[in-house]
Amino acid sequence: MEIALYIISGILILGGLVGCILPALPGLPVSYAGILVLHFSDRVQFTTKELVFLTAIMIIAQVLDYILPAWLTKKVGGSRLGTIGSIVGLIVGFFFQPFGLILGPFLGAIVGELMNGEGTKTALKSGMGSFLGFILTTGLKMCVCGIYIWYFIKSFI
């Protein structure tokens with residue numbers, strides 16, 4: 001039974017890492033589920049402090065994943081329509097994976113800005129803000145999954 005828990009935990013943690021890149025999978029929650037499965041094995045018992053920390057970084061990264069792209073679109077000078085376009089582009093891009101998830105928010109922000117009557121320069125700037133937010137949140141999620149992988153490996157050393 002213990003070996004099955006280790007295998008399931010490893011698959012969930014690595015599957016979550018893949019989910020950070022391919023947003024069809026909820027990457028961080030899947031990796032976190034792998035940590036919980038590992039916790040229920042006889043060999044690994046995380047402290048309450050460790051579990052709270054691992055839960056907190058997952059929640060913070062998940063919240064930032066939804067907020068940061070739109071916030072950066074607005075921060076670089078994007079309008080409300082640019083921000084909405086970025087969100088709509090993310091939703092539409094979901095159906096054209098994997099490139100749609102990368103290009104969708106970028107193109108959505110550009111279209112939103114152009115619909116708002118902004119020039120091409122402002123529209124591209126807004127699109128780059130959205131793209132930068134996507135890159136930053138993907139990197140953040142991968143770092144959190146890296147922490148989970150480290151805890152998994154550490155449990156066997």
# chains A, B, ... in the order shown; residues from 1 in each chain; ligands from 1
>>> residues_around(residues="region 92-107 of chain A", least_positions_apart="3", cutoff="6 Å", atoms="only C-alpha atoms", output="mmCIF file with C-alpha atoms, in the first residue's frame")
data_model
loop_
_atom_site.group_PDB
_atom_site.id
_atom_site.type_symbol
_atom_site.label_atom_id
_atom_site.label_comp_id
_atom_site.auth_asym_id
_atom_site.auth_seq_id
_atom_site.Cartn_x
_atom_site.Cartn_y
_atom_site.Cartn_z
ATOM 1 C CA SER A 86 -7.447 39.936 -22.050
ATOM 2 C CA GLY A 89 -8.950 36.085 -24.908
ATOM 3 C CA ILE A 110 -5.012 44.211 -28.301
ATOM 4 C CA GLY A 127 -1.112 43.024 -24.960
ATOM 5 C CA SER A 130 -1.143 40.609 -20.418
ATOM 6 C CA PHE A 131 1.522 38.326 -21.900
#
>>> select_by_dssp(residues="chain A", states="alpha helix (DSSP H)", output="number ranges by chain")
A: 2-21, 27-39, 48-75, 80-93, 99-115, 120-154
>>> closest_residue(among="A:Ile147, A:Leu36, A:Ile91, A:Val76", to="Leu124 (chain A)", atoms="only C-alpha atoms")
A:Val76
>>> closest_residue(among="A:Ala70, A:Cys145, A:Leu12, A:Ile87", to="Gly108 (chain A)", atoms="only C-alpha atoms")
A:Ile87
>>> closest_residue(among="A:Leu38, A:Leu25, A:Val30, A:Met58", to="Ile153 (chain A)", atoms="only C-alpha atoms")
A:Leu38
>>> atom_distance(atom1="CA of Leu72 (chain A)", atom2="CA of Gly129 (chain A)")
5.0 Å
>>> atom_distance(atom1="CA of Gly19 (chain A)", atom2="CA of Ile57 (chain A)")
16.5 Å
>>> residues_around(residues="Thr137 (chain A)", least_positions_apart="2", cutoff="8 Å", atoms="only C-alpha atoms", output="list in words")
Ala61, Leu64, Asp65, Leu68, Pro69, Gly133, Phe134, Ile135, Gly139, Leu140 and Lys141 of chain A
>>> atom_distance(atom1="CA of Gly82 (chain A)", atom2="CA of Ser126 (chain A)")
6.7 Å
>>> residues_around(residues="Glu113 (chain A)", least_positions_apart="5", cutoff="7 Å", atoms="only C-alpha atoms", output="PyMOL selection string")
chain A and resi 79+81-82+118+123
>>> write_last_selection(atoms="C-alpha atoms", output="PDB file, in the first residue's frame")
ATOM      1  CA  SER A  79      -8.061  50.429 -20.554  1.00  0.00           C
ATOM      2  CA  LEU A  81     -11.787  47.134 -22.498  1.00  0.00           C
ATOM      3  CA  GLY A  82      -8.187  45.977 -22.828  1.00  0.00           C
ATOM      4  CA  GLU A 118      -6.646  53.380 -28.764  1.00  0.00           C
ATOM      5  CA  ALA A 123      -2.847  48.194 -27.886  1.00  0.00           C
TER       6      ALA A 123
END
